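S.K.: Data: data_9.txt, compact mmCIF, C-alpha atoms and all ligand atoms.
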# COMPACT_ATOMS: atom_id res chain seq x y z
CA MET M 1273 0.00 0.00 0.00
CA HIS M 1274 1.32 3.50 -0.60
CA GLN M 1275 1.30 6.59 1.55
CA PRO M 1276 -2.10 8.15 2.26
CA ASP M 1277 -2.90 11.23 0.18
CA PHE M 1278 -4.54 12.90 3.18
CA THR M 1279 -3.93 12.20 6.86
CA LEU M 1280 -6.99 13.61 8.61
CA THR M 1281 -6.61 11.72 11.86
CA ALA M 1282 -6.54 12.41 15.59
CA GLY M 1283 -2.72 12.58 15.45
CA PRO M 1284 0.00 12.05 14.53
CA ILE M 1285 -0.76 14.03 11.40
CA SER M 1286 1.27 15.42 8.49
CA ALA M 1287 4.13 17.85 9.00
CA SER M 1288 5.04 20.93 6.99
CA PRO M 1289 7.88 20.73 4.44
CA ARG M 1290 9.94 22.91 6.79
CA THR M 1291 9.45 20.49 9.69
CA LEU M 1292 10.31 17.52 7.49
CA ALA M 1293 13.47 19.27 6.32
CA ALA M 1294 14.42 20.09 9.92
CA LEU M 1295 13.98 16.45 10.92
CA GLY M 1296 16.52 15.60 8.24
CA SER M 1297 19.05 18.24 9.27
CA PRO M 1298 22.49 17.12 10.53
CA ILE M 1299 22.70 15.32 13.85
CA VAL M 1300 24.96 17.31 16.14
CA PHE M 1301 26.66 16.48 19.43
CA ASP M 1302 24.23 17.38 22.23
CA TYR M 1303 26.92 19.49 23.98
CA ASP M 1304 27.79 21.39 20.82
CA PRO M 1305 27.07 25.06 21.62
CA VAL M 1306 24.74 25.16 18.62
CA PHE M 1307 22.58 22.40 20.06
CA LEU M 1308 22.57 23.82 23.59
CA GLU M 1309 21.26 27.08 22.20
CA ARG M 1310 18.66 25.32 20.01
CA PHE M 1311 17.41 23.35 22.98
CA ALA M 1312 17.07 26.45 25.15
CA ALA M 1313 15.44 28.31 22.25
CA LEU M 1314 12.87 25.53 21.90
CA GLU M 1315 11.97 25.97 25.57
CA ARG M 1316 11.31 29.65 24.88
CA LYS M 1317 9.17 28.82 21.84
CA VAL M 1318 7.08 26.35 23.82
CA ALA M 1319 6.66 28.95 26.59
CA ALA M 1320 5.37 31.37 23.95
CA LEU M 1321 2.79 28.79 22.84
CA TYR M 1322 1.76 28.47 26.49
CA ALA M 1323 0.77 32.18 26.36
CA GLY M 1324 4.20 33.32 27.51
CA THR M 1325 4.08 31.36 30.76
CA LYS M 1326 6.65 31.96 33.50
CA SER M 1327 6.55 28.26 34.34
CA ASP M 1328 9.67 26.24 33.54
CA ILE M 1329 9.42 24.31 30.30
CA VAL M 1330 10.68 20.73 30.45
CA LEU M 1331 11.13 18.97 27.13
CA MET M 1332 10.93 15.30 27.95
CA GLN M 1333 12.24 12.95 25.31
CA GLY M 1334 9.29 10.70 24.63
CA GLU M 1335 5.72 10.87 23.36
CA ALA M 1336 3.39 12.86 25.63
CA VAL M 1337 2.43 9.82 27.68
CA LEU M 1338 5.94 10.09 29.18
CA GLY M 1339 5.18 13.61 30.41
CA LEU M 1340 1.78 12.56 31.74
CA GLU M 1341 3.15 9.58 33.62
CA ALA M 1342 6.15 11.54 34.92
CA THR M 1343 3.82 14.23 36.24
CA ALA M 1344 1.56 11.78 38.04
CA ARG M 1345 4.56 9.99 39.53
CA SER M 1346 6.21 13.24 40.58
CA LEU M 1347 3.25 14.79 42.33
CA VAL M 1348 1.36 11.94 43.95
CA ARG M 1349 2.28 10.95 47.49
CA PRO M 1350 0.79 7.77 48.91
CA GLY M 1351 -2.39 8.69 50.76
CA MET M 1352 -2.79 12.08 49.06
CA THR M 1353 -6.38 12.94 48.15
CA CYS M 1354 -6.62 13.59 44.41
CA LEU M 1355 -9.62 14.61 42.35
CA ASN M 1356 -9.62 13.19 38.85
CA LEU M 1357 -12.05 14.70 36.36
CA ALA M 1358 -12.98 12.08 33.80
CA SER M 1359 -14.93 13.14 30.74
CA GLY M 1360 -13.29 10.68 28.39
CA VAL M 1361 -10.82 7.92 27.80
CA TYR M 1362 -7.67 9.88 28.66
CA GLY M 1363 -9.16 11.35 31.82
CA LYS M 1364 -10.17 7.89 33.01
CA TRP M 1365 -6.72 6.56 32.21
CA PHE M 1366 -5.05 9.29 34.26
CA GLY M 1367 -7.12 8.35 37.29
CA ARG M 1368 -5.80 4.82 37.15
CA TRP M 1369 -2.24 6.18 37.32
CA LEU M 1370 -3.06 8.35 40.33
CA ALA M 1371 -4.53 5.35 42.14
CA GLU M 1372 -1.59 3.16 41.22
CA TYR M 1373 0.84 5.64 42.80
CA GLY M 1374 -1.12 5.56 46.04
CA ALA M 1375 -3.59 8.42 45.72
CA ASP M 1376 -6.82 8.36 47.66
CA LEU M 1377 -8.81 8.88 44.48
CA VAL M 1378 -11.96 10.97 44.23
CA GLU M 1379 -13.36 10.81 40.72
CA LEU M 1380 -15.91 13.06 39.07
CA GLU M 1381 -16.99 11.28 35.93
CA VAL M 1382 -19.42 12.54 33.29
CA PRO M 1383 -20.73 10.81 30.14
CA TYR M 1384 -18.11 10.95 27.42
CA ASP M 1385 -20.20 13.20 25.17
CA GLU M 1386 -20.33 15.86 27.88
CA ALA M 1387 -17.84 18.17 29.60
CA VAL M 1388 -17.08 18.65 33.30
CA ASP M 1389 -19.25 21.31 34.95
CA PRO M 1390 -17.18 23.73 37.09
CA ALA M 1391 -20.05 23.97 39.59
CA ALA M 1392 -19.78 20.22 40.16
CA VAL M 1393 -16.06 20.64 40.90
CA GLU M 1394 -16.89 23.34 43.46
CA ARG M 1395 -19.37 20.96 45.11
CA VAL M 1396 -16.80 18.16 45.34
CA PHE M 1397 -14.36 20.54 47.06
CA ARG M 1398 -17.00 21.49 49.61
CA GLU M 1399 -17.51 17.81 50.44
CA ARG M 1400 -13.81 16.89 50.31
CA PRO M 1401 -11.74 19.94 51.34
CA GLU M 1402 -8.70 17.70 51.83
CA ILE M 1403 -8.22 17.39 48.05
CA GLU M 1404 -4.65 18.44 47.21
CA LEU M 1405 -4.49 17.73 43.50
CA VAL M 1406 -6.88 17.99 40.54
CA SER M 1407 -6.25 16.39 37.17
CA VAL M 1408 -8.17 17.22 34.02
CA VAL M 1409 -7.89 16.75 30.28
CA HIS M 1410 -8.32 19.94 28.28
CA SER M 1411 -9.21 18.51 24.88
CA GLU M 1412 -10.49 14.92 25.11
CA THR M 1413 -9.37 13.88 21.65
CA PRO M 1414 -11.06 10.43 21.67
CA SER M 1415 -14.52 11.97 22.10
CA GLY M 1416 -13.90 15.36 20.49
CA THR M 1417 -14.86 17.36 23.58
CA VAL M 1418 -13.23 20.14 25.57
CA ASN M 1419 -13.30 20.90 29.31
CA PRO M 1420 -13.49 24.50 30.63
CA ILE M 1421 -10.09 24.45 32.36
CA HIS M 1422 -10.13 28.26 32.57
CA GLU M 1423 -12.99 27.88 35.07
CA ILE M 1424 -12.11 24.56 36.68
CA CYS M 1425 -8.48 25.23 37.55
CA PRO M 1426 -9.02 28.57 39.33
CA ILE M 1427 -11.55 26.76 41.56
CA ALA M 1428 -8.92 24.15 42.43
CA LYS M 1429 -6.34 26.83 43.18
CA ARG M 1430 -8.80 28.71 45.39
CA HIS M 1431 -9.12 25.55 47.44
CA GLY M 1432 -5.33 25.22 47.67
CA ALA M 1433 -5.00 22.28 45.27
CA LEU M 1434 -2.45 21.78 42.52
CA THR M 1435 -3.67 21.21 38.97
CA ILE M 1436 -2.43 18.87 36.27
CA VAL M 1437 -3.76 19.50 32.77
CA ASP M 1438 -3.44 17.20 29.79
CA CYS M 1439 -3.13 19.74 26.96
CA VAL M 1440 -1.72 17.20 24.55
CA SER M 1441 -4.17 17.98 21.77
CA SER M 1442 -5.03 21.57 22.65
CA LEU M 1443 -1.69 23.39 22.63
CA GLY M 1444 -1.39 25.32 19.38
CA GLY M 1445 -5.09 24.88 18.55
CA THR M 1446 -6.76 26.43 21.56
CA GLU M 1447 -5.71 29.00 24.14
CA VAL M 1448 -3.80 27.50 27.06
CA ARG M 1449 -2.90 30.13 29.70
CA PRO M 1450 -1.09 28.47 32.61
CA ASP M 1451 -0.31 31.69 34.51
CA ASP M 1452 -3.78 33.24 34.18
CA TRP M 1453 -5.75 30.08 34.88
CA GLY M 1454 -3.64 28.47 37.62
CA LEU M 1455 -2.39 25.46 35.68
CA ASP M 1456 0.48 23.95 37.68
CA VAL M 1457 1.63 21.27 35.29
CA CYS M 1458 0.60 21.19 31.62
CA ILE M 1459 1.61 18.41 29.28
CA ALA M 1460 1.36 18.85 25.51
CA GLY M 1461 2.42 16.87 22.48
CA PRO M 1462 3.91 18.16 19.23
CA GLN M 1463 2.06 15.64 17.04
CA LYS M 1464 -1.38 17.19 17.36
CA CYS M 1465 -2.16 20.87 16.63
CA LEU M 1466 1.53 21.72 16.16
CA SER M 1467 1.98 19.29 13.24
CA GLY M 1468 5.26 18.05 14.66
CA PRO M 1469 6.79 14.59 15.11
CA PRO M 1470 5.37 12.46 17.94
CA GLY M 1471 8.44 12.00 20.13
CA MET M 1472 8.40 14.68 22.78
CA SER M 1473 6.48 15.84 25.84
CA LEU M 1474 6.18 19.61 26.19
CA VAL M 1475 5.72 20.12 29.92
CA ALA M 1476 5.19 23.42 31.76
CA VAL M 1477 5.83 23.26 35.52
CA SER M 1478 4.90 26.06 37.97
CA ASP M 1479 6.89 27.02 41.07
CA ASP M 1480 4.13 25.58 43.28
CA ALA M 1481 4.41 22.27 41.43
CA TRP M 1482 8.22 22.21 41.81
CA ALA M 1483 7.88 22.82 45.56
CA ALA M 1484 5.46 19.89 45.84
CA ILE M 1485 7.67 17.63 43.74
CA ARG M 1486 10.77 18.44 45.79
CA ALA M 1487 8.85 17.73 48.99
CA ASN M 1488 7.67 14.37 47.66
CA PRO M 1489 9.99 11.50 48.59
CA ALA M 1490 8.13 9.31 46.08
CA ALA M 1491 8.96 11.61 43.13
CA PRO M 1492 11.30 9.82 40.70
CA ARG M 1493 14.96 10.83 40.84
CA GLY M 1494 17.75 9.53 38.64
CA SER M 1495 15.09 8.23 36.25
CA PHE M 1496 13.81 8.73 32.70
CA LEU M 1497 10.51 9.61 34.40
CA SER M 1498 12.06 12.34 36.53
CA LEU M 1499 10.98 15.94 36.09
CA LEU M 1500 13.26 16.82 38.99
CA ASP M 1501 16.35 15.61 37.13
CA TRP M 1502 15.60 18.14 34.40
CA LYS M 1503 15.11 20.90 36.98
CA GLU M 1504 18.26 20.17 38.96
CA THR M 1505 20.62 19.16 36.17
CA TRP M 1506 19.55 21.21 33.17
CA ILE M 1507 17.63 24.25 34.43
CA GLU M 1508 19.45 24.94 37.70
CA GLY M 1509 22.74 23.88 36.15
CA GLY M 1510 22.58 26.91 33.86
CA ARG M 1511 21.40 24.91 30.84
CA THR M 1512 24.80 23.37 30.17
CA GLN M 1513 24.17 19.78 31.26
CA PHE M 1514 21.43 17.31 30.27
CA PRO M 1515 20.22 14.53 32.56
CA TYR M 1516 20.49 12.28 29.49
CA THR M 1517 20.97 12.77 25.76
CA PRO M 1518 18.00 14.44 24.09
CA SER M 1519 16.76 13.13 20.79
CA VAL M 1520 18.44 15.62 18.48
CA ALA M 1521 16.28 15.11 15.40
CA GLU M 1522 13.08 15.55 17.42
CA VAL M 1523 14.36 18.82 18.83
CA HIS M 1524 15.01 20.07 15.31
CA GLY M 1525 11.61 18.92 14.05
CA VAL M 1526 9.61 20.30 16.97
CA SER M 1527 11.47 23.63 16.73
CA ALA M 1528 10.46 24.01 13.09
CA ALA M 1529 6.87 23.08 13.91
CA CYS M 1530 6.80 25.76 16.63
CA ASP M 1531 8.33 28.29 14.24
CA ASP M 1532 5.52 27.63 11.76
CA VAL M 1533 2.91 28.45 14.41
CA LEU M 1534 4.70 31.41 15.98
CA GLU M 1535 5.47 33.06 12.64
CA GLU M 1536 1.88 32.74 11.46
CA GLY M 1537 0.83 33.98 14.90
CA LEU M 1538 -0.84 31.88 17.57
CA PRO M 1539 -4.18 33.76 17.45
CA ALA M 1540 -4.43 33.23 13.68
CA VAL M 1541 -3.61 29.54 14.06
CA ILE M 1542 -6.22 29.12 16.79
CA GLU M 1543 -8.79 30.90 14.64
CA ARG M 1544 -8.00 28.54 11.76
CA HIS M 1545 -8.62 25.53 14.02
CA ASP M 1546 -11.90 27.06 15.23
CA ARG M 1547 -13.05 27.62 11.67
CA ALA M 1548 -12.07 24.17 10.43
CA ALA M 1549 -13.95 22.60 13.36
CA ALA M 1550 -17.04 24.73 12.78
CA ALA M 1551 -16.96 23.86 9.07
CA CYS M 1552 -16.62 20.17 9.86
CA ARG M 1553 -19.54 20.14 12.29
CA ALA M 1554 -21.71 22.10 9.85
CA GLY M 1555 -20.82 19.61 7.13
CA ILE M 1556 -21.55 16.60 9.30
CA ARG M 1557 -24.98 17.91 10.24
CA ALA M 1558 -25.86 18.93 6.67
CA MET M 1559 -24.94 15.43 5.51
CA GLY M 1560 -27.48 14.04 7.95
CA LEU M 1561 -24.95 12.74 10.47
CA GLU M 1562 -24.52 13.69 14.11
CA PRO M 1563 -21.51 15.08 15.99
CA TRP M 1564 -20.64 13.07 19.11
CA ALA M 1565 -20.28 16.10 21.42
CA LYS M 1566 -23.61 17.05 23.02
CA SER M 1567 -23.23 20.72 22.04
CA ASP M 1568 -20.97 22.91 19.91
CA GLU M 1569 -19.80 24.76 23.05
CA ILE M 1570 -18.02 21.64 24.28
CA ALA M 1571 -16.72 20.42 20.90
CA THR M 1572 -12.94 20.51 20.63
CA ASN M 1573 -11.48 22.27 17.60
CA CYS M 1574 -8.78 19.73 16.73
CA VAL M 1575 -10.98 16.82 15.75
CA THR M 1576 -14.67 16.19 15.05
CA ALA M 1577 -16.09 13.00 16.49
CA VAL M 1578 -19.10 11.67 14.59
CA ARG M 1579 -21.65 9.18 15.90
CA LYS M 1580 -21.57 5.94 13.95
CA PRO M 1581 -24.50 5.87 11.52
CA ASP M 1582 -26.54 2.68 11.18
CA GLY M 1583 -25.67 0.41 8.30
CA ALA M 1584 -21.88 0.36 8.38
CA GLU M 1585 -19.13 -0.65 10.79
CA ILE M 1586 -16.34 1.73 11.81
CA ALA M 1587 -13.45 -0.51 10.77
CA GLY M 1588 -14.99 -1.06 7.34
CA ILE M 1589 -15.64 2.66 6.83
CA LEU M 1590 -12.05 3.57 7.70
CA ARG M 1591 -10.57 0.84 5.52
CA HIS M 1592 -12.70 1.83 2.54
CA ALA M 1593 -11.91 5.56 2.87
CA ARG M 1594 -8.22 4.74 3.06
CA GLU M 1595 -8.08 2.14 0.28
CA ARG M 1596 -10.50 3.69 -2.20
CA TYR M 1597 -9.91 7.38 -1.59
CA GLY M 1598 -6.46 7.56 0.03
CA VAL M 1599 -7.86 9.40 3.05
CA MET M 1600 -6.90 8.27 6.55
CA LEU M 1601 -9.52 9.05 9.20
CA SER M 1602 -9.53 7.89 12.85
CA ALA M 1603 -11.68 5.48 14.78
CA GLY M 1604 -12.67 6.08 18.37
CA TYR M 1605 -10.30 5.02 21.09
CA GLY M 1606 -10.73 2.64 24.00
CA GLU M 1607 -14.37 1.99 24.82
CA LEU M 1608 -15.46 4.55 22.20
CA LYS M 1609 -14.02 2.47 19.37
CA PRO M 1610 -17.27 0.95 18.07
CA LYS M 1611 -19.32 4.10 18.65
CA LEU M 1612 -17.76 6.91 16.68
CA LEU M 1613 -15.25 7.92 14.07
CA ARG M 1614 -13.21 11.07 13.84
CA ILE M 1615 -12.18 13.57 11.19
CA GLY M 1616 -9.02 15.33 12.32
CA HIS M 1617 -8.45 18.98 11.48
CA MET M 1618 -5.39 19.78 13.53
CA GLY M 1619 -2.19 21.48 12.43
CA VAL M 1620 -1.68 21.43 8.68
CA ALA M 1621 -4.92 19.45 8.32
CA SER M 1622 -6.83 22.53 9.49
CA ARG M 1623 -5.58 24.43 6.44
CA SER M 1624 -7.19 24.98 3.06
CA LEU M 1625 -9.99 22.58 2.07
CA ASN M 1626 -8.80 19.55 4.03
CA VAL M 1627 -12.08 19.47 5.94
CA VAL M 1628 -13.96 19.17 2.65
CA VAL M 1629 -11.77 16.22 1.71
CA GLY M 1630 -12.52 14.56 5.05
CA LEU M 1631 -16.27 15.10 4.70
CA SER M 1632 -16.23 13.88 1.09
CA ALA M 1633 -14.28 10.76 1.98
CA LEU M 1634 -16.64 9.93 4.83
CA GLY M 1635 -19.81 10.78 2.93
CA ARG M 1636 -18.88 8.94 -0.26
CA THR M 1637 -17.69 5.92 1.71
CA LEU M 1638 -21.02 5.71 3.52
CA ALA M 1639 -22.84 6.07 0.18
CA ASP M 1640 -20.69 3.27 -1.24
CA PHE M 1641 -21.98 1.11 1.63
CA GLY M 1642 -25.58 2.11 0.87
CA VAL M 1643 -25.97 4.39 3.88
CA PRO M 1644 -28.16 7.39 2.97
CA VAL M 1645 -26.14 10.62 3.35
CA ARG M 1646 -26.22 13.99 1.61
CA THR M 1647 -22.53 14.41 0.92
CA GLY M 1648 -23.02 17.37 -1.42
CA ASP M 1649 -25.01 19.28 1.18
CA GLY M 1650 -22.25 18.60 3.70
CA VAL M 1651 -19.57 19.89 1.38
CA GLU M 1652 -21.62 22.99 0.59
CA ALA M 1653 -22.23 23.74 4.28
CA ALA M 1654 -18.54 23.32 5.13
CA LEU M 1655 -17.46 25.59 2.27
CA GLU M 1656 -19.92 28.21 3.46
CA VAL M 1657 -18.20 28.33 6.87
CA LEU M 1658 -14.69 28.21 5.42
CA SER M 1659 -15.25 30.98 2.92
CA ALA M 1660 -16.67 33.27 5.60
CA GLY M 1661 -13.21 33.37 7.20
CA ALA M 1662 -10.31 35.62 6.34
CA GLY M 1663 -8.59 32.95 4.25
CA VAL M 1664 -7.64 29.40 4.96
CA GLY M 1665 -4.97 28.60 2.38
CA SER M 1666 -1.25 29.23 2.13
CA ALA M 1667 -1.78 32.46 0.17
CA ALA M 1668 -3.69 33.92 3.11
C1 LIG Z 1701 -2.69 12.15 21.81
C2 LIG Z 1701 -3.07 12.33 23.23
C3 LIG Z 1701 -2.30 11.78 24.26
C4 LIG Z 1701 -1.10 10.94 23.96
O1 LIG Z 1701 -1.51 9.63 23.84
P1 LIG Z 1701 -1.18 8.64 22.66
O2 LIG Z 1701 -2.32 7.68 22.65
O3 LIG Z 1701 0.10 7.98 22.97
O4 LIG Z 1701 -1.08 9.45 21.38
C5 LIG Z 1701 -2.69 12.04 25.55
N1 LIG Z 1701 -3.77 12.80 25.84
C6 LIG Z 1701 -4.53 13.35 24.88
C7 LIG Z 1701 -5.72 14.19 25.25
C8 LIG Z 1701 -4.20 13.13 23.54
O5 LIG Z 1701 -4.95 13.67 22.57
Write out the structure in this file as structure tokens.
Ligand SMILES: *Cc1c(COP(=O)(O)O)cnc(C)c1O

M.R.:
Amino acid sequence: MHQPDFTLTAGPISASPRTLAALGSPIVFDYDPVFLERFAALERKVAALYAGTKSDIVLMQGEAVLGLEATARSLVRPGMTCLNLASGVYGKWFGRWLAEYGADLVELEVPYDEAVDPAAVERVFRERPEIELVSVVHSETPSGTVNPIHEICPIAKRHGALTIVDCVSSLGGTEVRPDDWGLDVCIAGPQKCLSGPPGMSLVAVSDDAWAAIRANPAAPRGSFLSLLDWKETWIEGGRTQFPYTPSVAEVHGVSAACDDVLEEGLPAVIERHDRAAAACRAGIRAMGLEPWAKSDEIATNCVTAVRKPDGAEIAGILRHARERYGVMLSAGYGELKPKLLRIGHMGVASRSLNVVVGLSALGRTLADFGVPVRTGDGVEAALEVLSAGAGVGSAA
């Protein structure tokens, strides 16, 4: 089989020519002054994407799950009361980690087509004032929903709790403001809205979080999972010494991906994601299908999850779209696998008419299976939304 013509998935997605070229640039010694400066510069770029946060940026050398696991391990003390907010597969998964590391787990779970209500978080704090840590997923990629972290995290901070936010699929596509919203540790991935390669965790750690990690005897030290090693060796060592060798090619690739976003301007990039998502939802509805998210207010802008229509199975739909039309879409994830499919519009896939390609591939595939859909209406509705914007293509 050859390469897909369009990768419209929930990530990893395609990269820009500049990012691909950077990934192929010469491998240098990690202590070469050129690389030390590039590494430090990447920290500054990531801080800019996190709305210019004053938090330390830690670039862990592994897919975002490394950063998520390292954060849970670093902050949880056995017996600590932690509130996990679960509105989807990733949120639920994080709770299992907290429990495994000894947390006394309080979980607020909502159906996976809904978002967490800040008022419910306030109520849990009134019942359980001993909660010291709150974990939440910003954009629940598997169900295409978004949680209001700008309301939830200030509540947690008011009650003296630390916050951990999984921003893996929101950074670069949605505003993430750690300093304004009281986000103590944020973990993002380059392979979602940044259109980068999938080998790094972009972690932002606040001073409050560092104090808690230092005070935690259970926090990993001398370990690939250690945030503290990065703080003590690299950051406090004046950025001259790594705890272990970073993956040089990833650093080059992620830097280029960040440059793409920062040069275009973060607000413009976020607006493009918003527009692509709105176009996709409009197209889905006009085709006669149904978005998974209960309302547009809680729909994430990096991916649109679509309820499985009757008359076709998810695996068959995806295979047909890929084999017949060269378009790679995503299934659900975890327990959502048989229930929905997803059209990704993150990073470069949010540009130009990619959404129209995704809608056409899905609509025509369903028609090929005999499922009644109005693909043309969907395309028309999506184009209507796209053309109302300031410009979505590379000439814009
Ligand atoms: C992509 C993603 C991750 C990383 O998980 P993988 O399955 O390894 O890609 C974590 N959290 C969220 C919300 C994500 O979208």

S.K.: List all protein, DNA and RNA residues that have at least one atom no more than 9 Å from any atom of ligand LIG 1701 (chain Z), counting all atoms listed in the file, and write them as an NGL selection string.

M.R.: :M and (1282-1284 or 1335-1338 or 1340 or 1360-1363 or 1409-1414 or 1438-1442 or 1459-1461 or 1463-1464 or 1470 or 1605)

S.K.: In Å, how far is it from atom CA of M:Val1520 to atom CA of M:Asp1328?

M.R.: 20.4 Å

S.K.: Distance atom CA of M:Val1406-atom CA of M:Pro1489, one decimal place?

M.R.: 19.8 Å

S.K.: Between M:Arg1395, M:Arg1493, M:Arg1591, M:Lys1566, which has the minimum distance to M:Ile1427 (counting only C-alpha atoms)?

M.R.: M:Arg1395

S.K.: Counting all atoms listed in the file, figure out which residue out of M:Lys1609, M:His1524, M:Arg1398, M:Arg1557 gets nearest to M:Ala1293.

M.R.: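 Using all atoms listed in the file, the shortest distance to M:Ala1293 belongs to M:His1524.
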
S.K.: Write out as a ChimeraX atom specification the residues lying within 12 Å of M:Pro1539, counting all atoms listed in the file and excluding same-chain residues fewer than 3 positions away.

M.R.: /M:1320-1321,1323,1443-1448,1533-1536,1542-1546

S.K.: Using only C-alpha atoms, please write the residues we just selected to a file, as a PDB file, in the frame of the given file.

M.R.:
ATOM      1  CA  ALA M1320       5.370  31.370  23.950  1.00  0.00           C
ATOM      2  CA  LEU M1321       2.790  28.790  22.840  1.00  0.00           C
ATOM      3  CA  ALA M1323       0.770  32.180  26.360  1.00  0.00           C
ATOM      4  CA  LEU M1443      -1.690  23.390  22.630  1.00  0.00           C
ATOM      5  CA  GLY M1444      -1.390  25.320  19.380  1.00  0.00           C
ATOM      6  CA  GLY M1445      -5.090  24.880  18.550  1.00  0.00           C
ATOM      7  CA  THR M1446      -6.760  26.430  21.560  1.00  0.00           C
ATOM      8  CA  GLU M1447      -5.710  29.000  24.140  1.00  0.00           C
ATOM      9  CA  VAL M1448      -3.800  27.500  27.060  1.00  0.00           C
ATOM     10  CA  VAL M1533       2.910  28.450  14.410  1.00  0.00           C
ATOM     11  CA  LEU M1534       4.700  31.410  15.980  1.00  0.00           C
ATOM     12  CA  GLU M1535       5.470  33.060  12.640  1.00  0.00           C
ATOM     13  CA  GLU M1536       1.880  32.740  11.460  1.00  0.00           C
ATOM     14  CA  ILE M1542      -6.220  29.120  16.790  1.00  0.00           C
ATOM     15  CA  GLU M1543      -8.790  30.900  14.640  1.00  0.00           C
ATOM     16  CA  ARG M1544      -8.000  28.540  11.760  1.00  0.00           C
ATOM     17  CA  HIS M1545      -8.620  25.530  14.020  1.00  0.00           C
ATOM     18  CA  ASP M1546     -11.900  27.060  15.230  1.00  0.00           C
TER      19      ASP M1546
END

S.K.: Take atom CA of M:Ala1654 and atom CA of M:Gly1555 and report the distance between them in Å, one decimal.

M.R.: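 Between atom CA of M:Ala1654 and atom CA of M:Gly1555 the gap is 4.8 Å.
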
S.K.: Looking at M:Lys1611, M:Lys1364, M:Arg1623, M:Arg1636, which one is nearest to M:Arg1594, with distances taken over all atoms listed in the file?

M.R.: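 Looking at the shortest contact to M:Arg1594, the residue is M:Arg1636.
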
S.K.: With all atoms listed in the file as the basis for distance, which of M:Ala1521, M:Met1472, M:Ala1577, M:Met1559 is at the shortest distance from M:Asp1302?

M.R.: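 The answer is M:Ala1521, which sits nearest to M:Asp1302.
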
S.K.: Between M:Gly1606, M:Gly1509, M:Gly1661, M:Pro1581, single out the one closest to M:Gly1635, counting all atoms listed in the file.

M.R.: M:Pro1581

S.K.: Counting only C-alpha atoms, what is within 12 Å of M:Thr1512, bar same-chain residues fewer than 6 positions away, as a PyMOL selection string?

M.R.: chain M and resi 1302-1309+1311-1312+1502+1504-1506

S.K.: Which of these, M:Gly1642, M:Ile1485, M:Ser1407, M:Trp1564, has the shortest distance to M:Glu1386 once you count all atoms listed in the file?

M.R.: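 Smallest distance to M:Glu1386 is found for M:Trp1564.
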
S.K.: Extract, using all atoms listed in the file, all DNA, RNA and protein residues at most 12 Å from M:Asp1532, discarding same-chain residues fewer than 6 positions from it, and format them as a list of chain:residue names.

M.R.: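 Close residues of M:Asp1532: M:Ala1287, M:Ser1288, M:Pro1289, M:Arg1290, M:Thr1291, M:Leu1292, M:Ala1294, M:Lys1317, M:Leu1321, M:Gly1444, M:Cys1465, M:Leu1466, M:Ser1467, M:Gly1468, M:Gly1525, M:Val1526, M:Leu1538, M:Ala1540, M:Val1541, M:Gly1619, M:Val1620, M:Ser1666.
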
S.K.: Which neighbours of M:Leu1625 fall inside 12 Å, counting all atoms listed in the file, when residues of the same chain fewer than 5 positions from it are skipped, and could you give them as a PDB file with C-alpha atoms, in the frame of the given file?

M.R.:
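Now in out_2.pdb:
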ATOM      1  CA  PHE M1278      -4.540  12.900   3.180  1.00  0.00           C
ATOM      2  CA  LEU M1280      -6.990  13.610   8.610  1.00  0.00           C
ATOM      3  CA  ARG M1544      -8.000  28.540  11.760  1.00  0.00           C
ATOM      4  CA  ARG M1547     -13.050  27.620  11.670  1.00  0.00           C
ATOM      5  CA  ALA M1548     -12.070  24.170  10.430  1.00  0.00           C
ATOM      6  CA  ALA M1549     -13.950  22.600  13.360  1.00  0.00           C
ATOM      7  CA  ALA M1551     -16.960  23.860   9.070  1.00  0.00           C
ATOM      8  CA  CYS M1552     -16.620  20.170   9.860  1.00  0.00           C
ATOM      9  CA  HIS M1617      -8.450  18.980  11.480  1.00  0.00           C
ATOM     10  CA  VAL M1620      -1.680  21.430   8.680  1.00  0.00           C
ATOM     11  CA  GLY M1630     -12.520  14.560   5.050  1.00  0.00           C
ATOM     12  CA  LEU M1631     -16.270  15.100   4.700  1.00  0.00           C
ATOM     13  CA  SER M1632     -16.230  13.880   1.090  1.00  0.00           C
ATOM     14  CA  VAL M1651     -19.570  19.890   1.380  1.00  0.00           C
ATOM     15  CA  GLU M1652     -21.620  22.990   0.590  1.00  0.00           C
ATOM     16  CA  ALA M1654     -18.540  23.320   5.130  1.00  0.00           C
ATOM     17  CA  LEU M1655     -17.460  25.590   2.270  1.00  0.00           C
ATOM     18  CA  GLU M1656     -19.920  28.210   3.460  1.00  0.00           C
ATOM     19  CA  VAL M1657     -18.200  28.330   6.870  1.00  0.00           C
ATOM     20  CA  LEU M1658     -14.690  28.210   5.420  1.00  0.00           C
ATOM     21  CA  SER M1659     -15.250  30.980   2.920  1.00  0.00           C
ATOM     22  CA  GLY M1663      -8.590  32.950   4.250  1.00  0.00           C
ATOM     23  CA  VAL M1664      -7.640  29.400   4.960  1.00  0.00           C
ATOM     24  CA  GLY M1665      -4.970  28.600   2.380  1.00  0.00           C
ATOM     25  CA  SER M1666      -1.250  29.230   2.130  1.00  0.00           C
TER      26      SER M1666
END

S.K.: Counting all atoms listed in the file, note down every residue that has an atom within 10 Å of the point (-14.8, 24.6, 21.1) (file coordinates), as a PyMOL selection string.

M.R.: chain M and resi 1411+1416-1420+1446+1545-1546+1549-1550+1567-1574

S.K.: Find the smallest box with edges along x, y and z containing every listed atom of stretch 1650-1659 of chain M, then add 4 Å on each side and report centre and edge lengths in Å to one decimal, as AutoDock Vina command-line options.

M.R.:
--center_x -18.5 --center_y 24.8 --center_z 3.7 --size_x 15.6 --size_y 20.4 --size_z 14.3
